[in-house]
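Enquirer: Data file coords-v7.cif (mmCIF, C-alpha atoms) is appended below.
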data_target
#
loop_
_atom_site.group_PDB
_atom_site.id
_atom_site.type_symbol
_atom_site.label_atom_id
_atom_site.label_comp_id
_atom_site.auth_asym_id
_atom_site.auth_seq_id
_atom_site.Cartn_x
_atom_site.Cartn_y
_atom_site.Cartn_z
ATOM 1 C CA MET A 1 3.241 34.508 3.053
ATOM 2 C CA LYS A 2 -0.137 33.047 2.150
ATOM 3 C CA VAL A 3 -0.652 29.511 3.370
ATOM 4 C CA GLU A 4 -1.826 28.416 -0.085
ATOM 5 C CA GLU A 5 1.522 29.448 -1.609
ATOM 6 C CA ALA A 6 3.366 27.576 1.133
ATOM 7 C CA VAL A 7 1.254 24.479 0.486
ATOM 8 C CA PHE A 8 2.203 24.564 -3.204
ATOM 9 C CA GLN A 9 5.915 24.730 -2.360
ATOM 10 C CA PHE A 10 5.570 22.015 0.280
ATOM 11 C CA LEU A 11 3.892 19.580 -2.138
ATOM 12 C CA HIS A 12 6.528 20.352 -4.781
ATOM 13 C CA HIS A 13 9.223 19.575 -2.190
ATOM 14 C CA LEU A 14 7.553 16.266 -1.304
ATOM 15 C CA GLU A 15 7.414 15.219 -4.946
ATOM 16 C CA MET A 16 10.777 16.402 -6.255
ATOM 17 C CA VAL A 17 13.026 16.095 -3.180
ATOM 18 C CA LYS A 18 11.403 13.469 -0.972
ATOM 19 C CA GLY A 19 10.132 11.282 -3.827
ATOM 20 C CA ALA A 20 6.677 10.912 -2.282
ATOM 21 C CA SER A 21 4.273 8.533 -4.042
ATOM 22 C CA LEU A 22 1.327 9.782 -6.092
ATOM 23 C CA HIS A 23 -0.980 8.315 -3.442
ATOM 24 C CA THR A 24 0.698 10.349 -0.683
ATOM 25 C CA LEU A 25 0.699 13.520 -2.771
ATOM 26 C CA ARG A 26 -2.999 13.149 -3.562
ATOM 27 C CA ALA A 27 -3.857 12.556 0.094
ATOM 28 C CA TYR A 28 -1.760 15.491 1.359
ATOM 29 C CA ARG A 29 -3.117 17.815 -1.331
ATOM 30 C CA LYS A 30 -6.660 16.877 -0.365
ATOM 31 C CA ASP A 31 -6.043 17.289 3.390
ATOM 32 C CA LEU A 32 -4.274 20.643 3.047
ATOM 33 C CA SER A 33 -6.842 22.007 0.594
ATOM 34 C CA PHE A 34 -9.654 21.077 2.970
ATOM 35 C CA PHE A 35 -7.778 22.623 5.896
ATOM 36 C CA VAL A 36 -7.133 25.896 4.056
ATOM 37 C CA THR A 37 -10.739 26.131 2.833
ATOM 38 C CA PHE A 38 -12.168 25.458 6.287
ATOM 39 C CA THR A 39 -9.791 27.778 8.164
ATOM 40 C CA SER A 40 -9.749 30.693 5.703
ATOM 41 C CA GLU A 41 -13.549 31.039 5.639
ATOM 42 C CA GLY A 42 -13.483 32.601 2.179
ATOM 43 C CA SER A 43 -10.518 34.985 2.528
ATOM 44 C CA ASP A 44 -6.772 34.633 1.953
ATOM 45 C CA LEU A 45 -5.265 32.539 4.738
ATOM 46 C CA LEU A 46 -2.067 33.814 6.320
ATOM 47 C CA PHE A 47 0.099 31.888 8.753
ATOM 48 C CA SER A 48 -0.701 34.488 11.397
ATOM 49 C CA HIS A 49 -4.376 33.509 11.164
ATOM 50 C CA VAL A 50 -3.706 29.905 12.184
ATOM 51 C CA SER A 51 -3.540 29.118 15.899
ATOM 52 C CA LYS A 52 -3.856 26.021 18.058
ATOM 53 C CA LYS A 53 -7.478 26.983 18.460
ATOM 54 C CA SER A 54 -7.853 26.907 14.656
ATOM 55 C CA ILE A 55 -6.391 23.405 14.539
ATOM 56 C CA ARG A 56 -8.723 22.190 17.271
ATOM 57 C CA ARG A 57 -11.729 23.701 15.477
ATOM 58 C CA PHE A 58 -10.626 21.891 12.316
ATOM 59 C CA LEU A 59 -10.352 18.581 14.200
ATOM 60 C CA ALA A 60 -13.748 19.129 15.808
ATOM 61 C CA HIS A 61 -15.195 19.647 12.344
ATOM 62 C CA LEU A 62 -13.705 16.343 11.169
ATOM 63 C CA TYR A 63 -15.222 14.524 14.146
ATOM 64 C CA GLU A 64 -18.599 16.160 13.461
ATOM 65 C CA LYS A 65 -18.437 14.811 9.907
ATOM 66 C CA LYS A 66 -17.787 11.363 11.428
ATOM 67 C CA VAL A 67 -14.465 11.027 9.604
ATOM 68 C CA ASN A 68 -12.721 7.785 10.622
ATOM 69 C CA VAL A 69 -9.707 7.826 12.930
ATOM 70 C CA LYS A 70 -7.301 6.767 10.185
ATOM 71 C CA THR A 71 -8.219 9.817 8.082
ATOM 72 C CA VAL A 72 -7.890 12.154 11.081
ATOM 73 C CA LEU A 73 -4.445 10.739 11.865
ATOM 74 C CA ARG A 74 -3.395 11.223 8.251
ATOM 75 C CA ALA A 75 -4.568 14.846 8.322
ATOM 76 C CA LEU A 76 -2.639 15.499 11.541
ATOM 77 C CA SER A 77 0.486 13.867 10.129
ATOM 78 C CA CYS A 78 0.126 15.999 7.012
ATOM 79 C CA LEU A 79 -0.204 19.231 9.013
ATOM 80 C CA ARG A 80 2.760 18.363 11.235
ATOM 81 C CA SER A 81 4.943 17.724 8.176
ATOM 82 C CA PHE A 82 3.727 20.930 6.550
ATOM 83 C CA TYR A 83 4.566 23.035 9.615
ATOM 84 C CA ARG A 84 7.965 21.389 10.076
ATOM 85 C CA TYR A 85 8.775 22.386 6.510
ATOM 86 C CA SER A 86 7.371 25.888 7.090
ATOM 87 C CA MET A 87 9.597 26.338 10.144
ATOM 88 C CA GLN A 88 12.649 25.211 8.149
ATOM 89 C CA LYS A 89 11.773 27.846 5.564
ATOM 90 C CA LYS A 90 11.393 30.476 8.334
ATOM 91 C CA TRP A 91 7.799 31.185 7.306
ATOM 92 C CA VAL A 92 6.717 30.594 10.908
ATOM 93 C CA GLU A 93 8.603 30.702 14.187
ATOM 94 C CA GLU A 94 6.621 27.961 15.904
ATOM 95 C CA SER A 95 4.109 25.312 14.942
ATOM 96 C CA PRO A 96 0.482 25.420 16.131
ATOM 97 C CA MET A 97 0.617 21.609 16.012
ATOM 98 C CA GLU A 98 2.497 21.514 19.318
ATOM 99 C CA GLU A 99 0.388 20.066 22.119
ATOM 100 C CA ILE A 100 -2.196 18.835 19.605
ATOM 101 C CA GLU A 101 -2.823 15.222 20.644
ATOM 102 C CA SER A 102 -3.637 12.510 18.149
ATOM 103 C CA PRO A 103 -6.590 10.181 18.674
ATOM 104 C CA LYS A 104 -5.693 6.593 19.465
ATOM 105 C CA LYS A 105 -5.558 4.487 16.342
ATOM 106 C CA GLU A 106 -7.773 1.459 16.305
ATOM 107 C CA LYS A 107 -5.533 -1.569 15.911
ATOM 108 C CA LYS A 108 -6.890 -3.985 13.346
ATOM 109 C CA LEU A 109 -5.086 -7.168 12.444
ATOM 110 C CA PRO A 110 -4.530 -7.622 8.710
ATOM 111 C CA ILE A 111 -6.634 -10.329 7.069
ATOM 112 C CA SER A 112 -4.753 -13.499 6.220
ATOM 113 C CA ILE A 113 -5.989 -16.663 4.502
ATOM 114 C CA SER A 114 -4.878 -20.270 4.594
ATOM 115 C CA TYR A 115 -2.608 -21.962 2.062
ATOM 116 C CA GLU A 116 -5.584 -24.051 0.895
ATOM 117 C CA GLN A 117 -7.551 -20.859 0.216
ATOM 118 C CA VAL A 118 -4.595 -19.442 -1.709
ATOM 119 C CA LEU A 119 -4.553 -22.546 -3.926
ATOM 120 C CA HIS A 120 -8.329 -22.283 -4.422
ATOM 121 C CA LEU A 121 -7.926 -18.662 -5.546
ATOM 122 C CA PHE A 122 -5.134 -19.688 -7.933
ATOM 123 C CA GLU A 123 -7.543 -22.117 -9.647
ATOM 124 C CA GLN A 124 -9.973 -19.376 -10.724
ATOM 125 C CA PRO A 125 -8.275 -17.795 -13.803
ATOM 126 C CA ASP A 126 -9.010 -19.436 -17.169
ATOM 127 C CA LEU A 127 -5.553 -20.419 -18.429
ATOM 128 C CA SER A 128 -6.845 -20.986 -21.964
ATOM 129 C CA LYS A 129 -7.212 -17.208 -22.252
ATOM 130 C CA PHE A 130 -4.152 -14.976 -22.388
ATOM 131 C CA THR A 131 -5.572 -12.562 -19.795
ATOM 132 C CA GLY A 132 -6.405 -15.486 -17.528
ATOM 133 C CA TYR A 133 -2.842 -16.754 -17.881
ATOM 134 C CA ARG A 134 -1.570 -13.278 -16.961
ATOM 135 C CA ASP A 135 -3.816 -13.152 -13.890
ATOM 136 C CA ARG A 136 -2.551 -16.541 -12.712
ATOM 137 C CA VAL A 137 1.029 -15.249 -13.009
ATOM 138 C CA ILE A 138 0.089 -12.151 -10.999
ATOM 139 C CA MET A 139 -1.332 -14.286 -8.199
ATOM 140 C CA GLU A 140 1.757 -16.505 -8.176
ATOM 141 C CA LEU A 141 4.036 -13.483 -7.954
ATOM 142 C CA PHE A 142 2.013 -11.868 -5.161
ATOM 143 C CA TYR A 143 2.345 -15.016 -3.084
ATOM 144 C CA SER A 144 5.952 -15.690 -4.065
ATOM 145 C CA SER A 145 7.359 -12.292 -3.162
ATOM 146 C CA ALA A 146 4.773 -10.378 -1.061
ATOM 147 C CA LEU A 147 4.692 -7.474 -3.482
ATOM 148 C CA ARG A 148 2.532 -4.408 -3.040
ATOM 149 C CA LEU A 149 0.065 -3.822 -5.879
ATOM 150 C CA SER A 150 1.893 -0.669 -7.020
ATOM 151 C CA GLU A 151 5.192 -2.578 -6.999
ATOM 152 C CA LEU A 152 3.785 -5.364 -9.148
ATOM 153 C CA VAL A 153 2.298 -3.163 -11.893
ATOM 154 C CA GLY A 154 5.508 -1.104 -11.914
ATOM 155 C CA LEU A 155 7.717 -4.095 -12.754
ATOM 156 C CA ASN A 156 9.824 -3.915 -15.923
ATOM 157 C CA ARG A 157 11.531 -6.693 -17.866
ATOM 158 C CA GLU A 158 14.965 -5.575 -16.670
ATOM 159 C CA ASP A 159 13.847 -5.969 -13.043
ATOM 160 C CA LEU A 160 13.747 -9.762 -13.421
ATOM 161 C CA ASP A 161 16.903 -11.789 -12.820
ATOM 162 C CA ALA A 162 15.764 -15.243 -13.907
ATOM 163 C CA VAL A 163 19.169 -16.778 -13.171
ATOM 164 C CA HIS A 164 19.406 -15.673 -9.536
ATOM 165 C CA LEU A 165 15.619 -15.767 -8.977
ATOM 166 C CA THR A 166 15.269 -12.160 -7.854
ATOM 167 C CA LEU A 167 13.247 -9.047 -8.695
ATOM 168 C CA ASN A 168 14.278 -5.415 -8.312
ATOM 169 C CA VAL A 169 11.302 -3.641 -6.774
ATOM 170 C CA PHE A 170 10.600 0.041 -6.212
ATOM 171 C CA GLY A 171 8.495 0.442 -3.071
ATOM 172 C CA LYS A 172 7.167 3.357 -1.044
ATOM 173 C CA GLY A 173 9.150 6.550 -1.486
ATOM 174 C CA LYS A 174 10.708 4.975 -4.610
ATOM 175 C CA LYS A 175 12.992 2.932 -2.359
ATOM 176 C CA GLN A 176 14.571 0.051 -4.226
ATOM 177 C CA ARG A 177 14.904 -3.425 -2.779
ATOM 178 C CA GLN A 178 15.655 -6.881 -4.118
ATOM 179 C CA VAL A 179 13.197 -9.681 -3.416
ATOM 180 C CA PRO A 180 13.467 -13.414 -4.146
ATOM 181 C CA ILE A 181 10.995 -15.319 -6.296
ATOM 182 C CA THR A 182 10.370 -19.045 -6.307
ATOM 183 C CA GLU A 183 11.390 -21.283 -9.193
ATOM 184 C CA THR A 184 7.694 -21.886 -9.857
ATOM 185 C CA ALA A 185 6.926 -18.145 -10.013
ATOM 186 C CA LYS A 186 9.897 -17.601 -12.330
ATOM 187 C CA ASN A 187 8.660 -20.316 -14.707
ATOM 188 C CA TRP A 188 5.145 -18.824 -14.794
ATOM 189 C CA LEU A 189 6.567 -15.369 -15.380
ATOM 190 C CA CYS A 190 8.920 -16.396 -18.180
ATOM 191 C CA SER A 191 6.118 -18.324 -19.891
ATOM 192 C CA TYR A 192 3.932 -15.230 -19.742
ATOM 193 C CA LEU A 193 6.681 -12.979 -21.133
ATOM 194 C CA ASN A 194 7.125 -15.379 -24.071
ATOM 195 C CA HIS A 195 3.433 -16.164 -24.581
ATOM 196 C CA PRO A 196 2.536 -16.321 -28.312
ATOM 197 C CA GLU A 197 -0.492 -14.041 -27.776
ATOM 198 C CA ARG A 198 1.511 -11.312 -26.026
ATOM 199 C CA GLU A 199 1.339 -7.969 -27.857
ATOM 200 C CA GLU A 200 3.448 -5.107 -26.568
ATOM 201 C CA LYS A 201 2.923 -1.391 -26.968
ATOM 202 C CA ASP A 202 4.959 -0.909 -23.822
ATOM 203 C CA LYS A 203 8.163 -2.866 -24.419
ATOM 204 C CA ARG A 204 9.433 -2.501 -20.840
ATOM 205 C CA ALA A 205 6.390 -3.343 -18.720
ATOM 206 C CA ILE A 206 5.950 -6.932 -17.542
ATOM 207 C CA PHE A 207 2.198 -6.888 -16.966
ATOM 208 C CA LEU A 208 0.084 -5.595 -19.837
ATOM 209 C CA ASN A 209 -3.601 -4.989 -20.512
ATOM 210 C CA LYS A 210 -5.472 -6.192 -23.612
ATOM 211 C CA LEU A 211 -4.127 -3.260 -25.636
ATOM 212 C CA GLY A 212 -0.514 -4.024 -24.781
ATOM 213 C CA SER A 213 -0.074 -1.092 -22.396
ATOM 214 C CA ARG A 214 1.030 -1.289 -18.759
ATOM 215 C CA LEU A 215 -1.593 -2.775 -16.472
ATOM 216 C CA THR A 216 -3.041 -0.392 -13.856
ATOM 217 C CA PRO A 217 -3.648 -1.096 -10.143
ATOM 218 C CA ARG A 218 -7.368 -0.473 -10.693
ATOM 219 C CA SER A 219 -7.508 -3.208 -13.333
ATOM 220 C CA VAL A 220 -5.860 -5.714 -10.990
ATOM 221 C CA ASP A 221 -8.311 -4.785 -8.225
ATOM 222 C CA ARG A 222 -11.260 -5.362 -10.561
ATOM 223 C CA LYS A 223 -9.884 -8.736 -11.635
ATOM 224 C CA PHE A 224 -9.383 -9.809 -8.033
ATOM 225 C CA ALA A 225 -12.968 -8.859 -7.208
ATOM 226 C CA PHE A 226 -14.151 -11.010 -10.127
ATOM 227 C CA TYR A 227 -12.118 -14.053 -9.063
ATOM 228 C CA LEU A 228 -13.144 -13.699 -5.424
ATOM 229 C CA LYS A 229 -16.816 -13.704 -6.363
ATOM 230 C CA LYS A 230 -16.186 -16.741 -8.540
ATOM 231 C CA SER A 231 -14.277 -18.548 -5.776
ATOM 232 C CA GLY A 232 -16.776 -17.904 -3.003
ATOM 233 C CA LEU A 233 -14.046 -16.524 -0.721
ATOM 234 C CA SER A 234 -14.567 -13.423 1.427
ATOM 235 C CA ASP A 235 -15.067 -10.208 -0.519
ATOM 236 C CA LYS A 236 -12.740 -8.518 1.986
ATOM 237 C CA ILE A 237 -9.739 -10.230 0.371
ATOM 238 C CA THR A 238 -7.628 -7.919 -1.799
ATOM 239 C CA PRO A 239 -4.240 -8.196 -3.528
ATOM 240 C CA HIS A 240 -2.757 -6.777 -0.311
ATOM 241 C CA THR A 241 -4.284 -9.713 1.577
ATOM 242 C CA ILE A 242 -1.937 -12.034 -0.309
ATOM 243 C CA ARG A 243 0.994 -9.925 0.898
ATOM 244 C CA HIS A 244 -0.223 -10.277 4.489
ATOM 245 C CA THR A 245 -0.805 -13.983 3.933
ATOM 246 C CA ILE A 246 2.665 -14.889 2.690
ATOM 247 C CA ALA A 247 4.250 -12.782 5.461
ATOM 248 C CA THR A 248 2.215 -14.724 8.028
ATOM 249 C CA HIS A 249 3.117 -18.046 6.395
ATOM 250 C CA TRP A 250 6.824 -17.097 6.380
ATOM 251 C CA LEU A 251 6.624 -16.435 10.103
ATOM 252 C CA GLU A 252 4.829 -19.725 10.774
ATOM 253 C CA GLN A 253 7.536 -21.563 8.819
ATOM 254 C CA GLY A 254 10.214 -20.129 11.105
ATOM 255 C CA MET A 255 11.517 -17.100 9.194
ATOM 256 C CA ASP A 256 12.815 -14.391 11.542
ATOM 257 C CA LEU A 257 11.109 -10.997 11.721
ATOM 258 C CA LYS A 258 14.156 -9.040 10.529
ATOM 259 C CA THR A 259 14.272 -11.024 7.286
ATOM 260 C CA ILE A 260 10.524 -10.587 6.792
ATOM 261 C CA GLN A 261 10.948 -6.854 7.374
ATOM 262 C CA LEU A 262 13.576 -6.657 4.605
ATOM 263 C CA LEU A 263 11.482 -8.723 2.189
ATOM 264 C CA LEU A 264 8.388 -6.586 2.769
ATOM 265 C CA GLY A 265 10.294 -3.313 2.570
ATOM 266 C CA HIS A 266 9.093 -2.097 5.986
ATOM 267 C CA THR A 267 11.045 0.888 7.325
ATOM 268 C CA SER A 268 10.362 -0.077 10.937
ATOM 269 C CA LEU A 269 10.498 -3.527 12.530
ATOM 270 C CA SER A 270 7.495 -2.561 14.674
ATOM 271 C CA THR A 271 5.358 -2.613 11.512
ATOM 272 C CA THR A 272 6.406 -6.199 10.854
ATOM 273 C CA THR A 273 5.678 -7.434 14.383
ATOM 274 C CA ILE A 274 1.926 -7.287 13.700
ATOM 275 C CA TYR A 275 2.319 -10.633 11.901
ATOM 276 C CA THR A 276 3.177 -12.300 15.192
ATOM 277 C CA HIS A 277 -0.354 -11.418 16.333
ATOM 278 C CA VAL A 278 -1.899 -12.602 13.056
ATOM 279 C CA SER A 279 -0.060 -15.914 13.289
ATOM 280 C CA SER A 280 -1.234 -16.477 16.864
ATOM 281 C CA LYS A 281 -4.817 -15.682 15.861
ATOM 282 C CA LEU A 282 -4.715 -18.180 12.963
ATOM 283 C CA LYS A 283 -3.276 -20.911 15.159
ATOM 284 C CA ARG A 284 -6.028 -20.343 17.720
ATOM 285 C CA GLU A 285 -8.708 -20.570 14.998
ATOM 286 C CA VAL A 286 -7.251 -23.849 13.708
ATOM 287 C CA TYR A 287 -7.047 -25.211 17.272
ATOM 288 C CA ASP A 288 -10.645 -24.236 18.023
ATOM 289 C CA LYS A 289 -11.904 -25.918 14.846
ATOM 290 C CA THR A 290 -10.042 -29.158 15.497
ATOM 291 C CA HIS A 291 -10.626 -29.209 19.253
ATOM 292 C CA PRO A 292 -14.165 -27.889 19.754
ATOM 293 C CA ARG A 293 -15.047 -27.069 23.323
ATOM 294 C CA ALA A 294 -17.469 -29.413 25.069
#
What's the structure tokens form of this structure?

Expert:
Amino acid sequence: MKVEEAVFQFLHHLEMVKGASLHTLRAYRKDLSFFVTFTSEGSDLLFSHVSKKSIRRFLAHLYEKKVNVKTVLRALSCLRSFYRYSMQKKWVEESPMEEIESPKKEKKLPISISYEQVLHLFEQPDLSKFTGYRDRVIMELFYSSALRLSELVGLNREDLDAVHLTLNVFGKGKKQRQVPITETAKNWLCSYLNHPEREEKDKRAIFLNKLGSRLTPRSVDRKFAFYLKKSGLSDKITPHTIRHTIATHWLEQGMDLKTIQLLLGHTSLSTTTIYTHVSSKLKREVYDKTHPRA
């Protein structure tokens, strides 16, 4: 079988059976297309043409292009998944990915901001404008429930339980979880849903653009960039920063890691433990500012 045909079936399997996100599908399609193009050298690529040496040549090419470690790790993960699937389908007897070592991932702590900075950011939207009111609600909900950007724009009216103060959220891999919202966030959200200037083309979506259609992640990113510039806060802050921030604040207020893991929708507890390092770093920064060294 040609590798290109196998790639098509693999991506179809990821989408229809595994429920992979559009982001994952795009990334895997890009990585596999690049791999096939590089390895085939202009001719049809068969599985028999791919060896461990081919994989190492491909990795060397990525390093030569100065591709960052995160992208290399993603490409390796993609190829390992692809060959596992190919072995299940009996297209290959063994995977050339065996004995291929991954580069060490550079550990970077997620950015987190203080509660005072959160409040300062919340002050930026113009509440006299309907879009400004919407943006204020978005910020409140990010901080209330630590939602991912894709989870927020995907919210529908039926996902809100205003009585029990919960939201049904569909996270990575379309996994559903229930997250709490604060009374304050609920009040902001209900006011937005009943705002006299709200016009709906999409009757289900909670967050809408000016035309009444579902708001896109790109639009939220652009809005955040605008408010950050206006606020004078670091331009490295993103909607995901608010997710990291509330998780860190939960930890500092005494919430246990297992609960935080469930609220964030992390598959592994090891992913959640990074917030213990963030919290320690923030405490050290506060200590250093209030107790300067002589």

Enquirer: Find the residue from A:Ile113, A:Leu11, A:Leu32, A:Ala185 that sits nearest to Phe58 (chain A); use only C-alpha atoms when measuring.

Expert: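 Ranked by minimum distance to Phe58 (chain A), first place goes to A:Leu32.
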
Enquirer: What separation in Å, quoted to one decimal, exists between CA of Leu79 (chain A) and CA of Ser150 (chain A)?

Expert: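 We find that CA of Leu79 (chain A) and CA of Ser150 (chain A) lie 25.6 Å from each other.
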
Enquirer: Give as a PDB file with C-alpha atoms, in the coordinates of the input the residues that the PyMOL selection byres ((chain A and resi 130-136) around 9) matches when applied to the coordinates above.

Expert:
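Saved result, part05.pdb, follows:
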ATOM      1  CA  PHE A 122      -5.134 -19.688  -7.933  1.00  0.00           C
ATOM      2  CA  GLU A 123      -7.543 -22.117  -9.647  1.00  0.00           C
ATOM      3  CA  GLN A 124      -9.973 -19.376 -10.724  1.00  0.00           C
ATOM      4  CA  PRO A 125      -8.275 -17.795 -13.803  1.00  0.00           C
ATOM      5  CA  ASP A 126      -9.010 -19.436 -17.169  1.00  0.00           C
ATOM      6  CA  LEU A 127      -5.553 -20.419 -18.429  1.00  0.00           C
ATOM      7  CA  SER A 128      -6.845 -20.986 -21.964  1.00  0.00           C
ATOM      8  CA  LYS A 129      -7.212 -17.208 -22.252  1.00  0.00           C
ATOM      9  CA  VAL A 137       1.029 -15.249 -13.009  1.00  0.00           C
ATOM     10  CA  ILE A 138       0.089 -12.151 -10.999  1.00  0.00           C
ATOM     11  CA  MET A 139      -1.332 -14.286  -8.199  1.00  0.00           C
ATOM     12  CA  GLU A 140       1.757 -16.505  -8.176  1.00  0.00           C
ATOM     13  CA  LEU A 141       4.036 -13.483  -7.954  1.00  0.00           C
ATOM     14  CA  TRP A 188       5.145 -18.824 -14.794  1.00  0.00           C
ATOM     15  CA  LEU A 189       6.567 -15.369 -15.380  1.00  0.00           C
ATOM     16  CA  TYR A 192       3.932 -15.230 -19.742  1.00  0.00           C
ATOM     17  CA  HIS A 195       3.433 -16.164 -24.581  1.00  0.00           C
ATOM     18  CA  GLU A 197      -0.492 -14.041 -27.776  1.00  0.00           C
ATOM     19  CA  ARG A 198       1.511 -11.312 -26.026  1.00  0.00           C
ATOM     20  CA  PHE A 207       2.198  -6.888 -16.966  1.00  0.00           C
ATOM     21  CA  LEU A 208       0.084  -5.595 -19.837  1.00  0.00           C
ATOM     22  CA  ASN A 209      -3.601  -4.989 -20.512  1.00  0.00           C
ATOM     23  CA  LYS A 210      -5.472  -6.192 -23.612  1.00  0.00           C
ATOM     24  CA  VAL A 220      -5.860  -5.714 -10.990  1.00  0.00           C
ATOM     25  CA  LYS A 223      -9.884  -8.736 -11.635  1.00  0.00           C
ATOM     26  CA  PHE A 224      -9.383  -9.809  -8.033  1.00  0.00           C
TER      27      PHE A 224
END

Enquirer: If I take CA of Arg222 (chain A) and CA of Asp31 (chain A), how far is one from the other in Å, to one decimal?

Expert: 27.1 Å

Enquirer: Given the choices A:Phe142, A:Phe34, A:Phe170, A:Tyr85, which gets closest to Pro239 (chain A) if the distance is worked out from only C-alpha atoms?

Expert: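 Comparing A:Phe142, A:Phe34, A:Phe170, A:Tyr85 against Pro239 (chain A), the winner is A:Phe142.
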
Enquirer: Suppose a student applies the PyMOL selection byres ((chain A and resi 115-119) around 12) to this structure; what residues should they get, written as a PyMOL selection string?

Expert: chain A and resi 112-114+120-125+136+139-140+142-144+227-228+231-234+237-239+241-250+252+282

Enquirer: Counting all atoms listed in the file, note down every residue that has an atom within 7 Å of the point (10.8, -8.8, 11.7) (file coordinates), as a list in words.

Expert: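 All residues meeting the 7 Å criterion around (10.8, -8.8, 11.7) are Asp256, Leu257, Lys258, Thr259, Ile260, Gln261, Leu269, Thr272 and Thr273 of chain A.
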
Enquirer: Produce a file of the selected residues containing C-alpha atoms, as a PDB file, in the coordinates of the input.

Expert:
ATOM      1  CA  ASP A 256      12.815 -14.391  11.542  1.00  0.00           C
ATOM      2  CA  LEU A 257      11.109 -10.997  11.721  1.00  0.00           C
ATOM      3  CA  LYS A 258      14.156  -9.040  10.529  1.00  0.00           C
ATOM      4  CA  THR A 259      14.272 -11.024   7.286  1.00  0.00           C
ATOM      5  CA  ILE A 260      10.524 -10.587   6.792  1.00  0.00           C
ATOM      6  CA  GLN A 261      10.948  -6.854   7.374  1.00  0.00           C
ATOM      7  CA  LEU A 269      10.498  -3.527  12.530  1.00  0.00           C
ATOM      8  CA  THR A 272       6.406  -6.199  10.854  1.00  0.00           C
ATOM      9  CA  THR A 273       5.678  -7.434  14.383  1.00  0.00           C
TER      10      THR A 273
END

Enquirer: What does the distance between CA of Glu99 (chain A) and CA of Lys18 (chain A) come to in Å, to one decimal place?

Expert: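 Going from CA of Glu99 (chain A) over to CA of Lys18 (chain A) covers 26.4 Å.
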
Enquirer: Go through A:Leu147, A:Leu62, A:Leu152, A:Ala20 one by one, measure the shortest atom-to-atom distance of each to His266 (chain A) using all atoms listed in the file, and give the residue with the smallest value.

Expert: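 Comparing A:Leu147, A:Leu62, A:Leu152, A:Ala20 against His266 (chain A), the winner is A:Leu147.
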
Enquirer: Mind listing whatever residues come within 12 Å of the point (-13.6, 28.3, 9.1)? Use only C-alpha atoms, file coordinates, and give them as a list in words.

Expert: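 Residues lying no farther than 12 Å from the given point: Phe34, Phe35, Val36, Thr37, Phe38, Thr39, Ser40, Glu41, Gly42, Ser43, Asp44, Leu45, His49, Val50, Lys53, Ser54, Ile55, Arg56, Arg57, Phe58, Leu59, Ala60 and His61 of chain A.
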
Enquirer: Any chance you could export the current selection's C-alpha atoms as a tab-separated table (two decimals), keeping the file's coordinate frame?

Expert:
chain	number	residue	atom	x	y	z
A	34	PHE	CA	-9.65	21.08	2.97
A	35	PHE	CA	-7.78	22.62	5.90
A	36	VAL	CA	-7.13	25.90	4.06
A	37	THR	CA	-10.74	26.13	2.83
A	38	PHE	CA	-12.17	25.46	6.29
A	39	THR	CA	-9.79	27.78	8.16
A	40	SER	CA	-9.75	30.69	5.70
A	41	GLU	CA	-13.55	31.04	5.64
A	42	GLY	CA	-13.48	32.60	2.18
A	43	SER	CA	-10.52	34.98	2.53
A	44	ASP	CA	-6.77	34.63	1.95
A	45	LEU	CA	-5.26	32.54	4.74
A	49	HIS	CA	-4.38	33.51	11.16
A	50	VAL	CA	-3.71	29.90	12.18
A	53	LYS	CA	-7.48	26.98	18.46
A	54	SER	CA	-7.85	26.91	14.66
A	55	ILE	CA	-6.39	23.40	14.54
A	56	ARG	CA	-8.72	22.19	17.27
A	57	ARG	CA	-11.73	23.70	15.48
A	58	PHE	CA	-10.63	21.89	12.32
A	59	LEU	CA	-10.35	18.58	14.20
A	60	ALA	CA	-13.75	19.13	15.81
A	61	HIS	CA	-15.20	19.65	12.34

Enquirer: Show me, as an MDAnalysis selection string, the residues that have an atom within 9 Å of Lys174 (chain A) when counting all atoms listed in the file, minus same-chain residues fewer than 5 positions from it.

Expert: chainID A and resid 19:21 169

Enquirer: Return as a PyMOL selection string the set of residues that the PyMOL selection byres ((chain A and resi 165) around 8) yields on the displayed structure.

Expert: chain A and resi 160-164+166-167+180-183+186

Enquirer: Rank A:Ala75, A:Met97, A:Leu263, A:Val179 by their smallest atom-to-atom distance to Ser33 (chain A), using only C-alpha atoms, and report the top residue only.

Expert: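 Distance minimum relative to Ser33 (chain A) lands on A:Ala75.
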
Enquirer: Do a neighbour search on Val92 (chain A) at 10 Å with all atoms listed in the file, toss out local chain neighbours closer than 4 positions, and write the hits as a VMD selection string.

Expert: chain A and resid 1 47 to 48 83 to 88 96

Enquirer: Quick one: of A:Lys66, A:His240, A:Lys201, A:Lys172, who's nearest to Thr267 (chain A), counting only C-alpha atoms?

Expert: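 With only C-alpha atoms as the atom set, the closest residue is A:Lys172.
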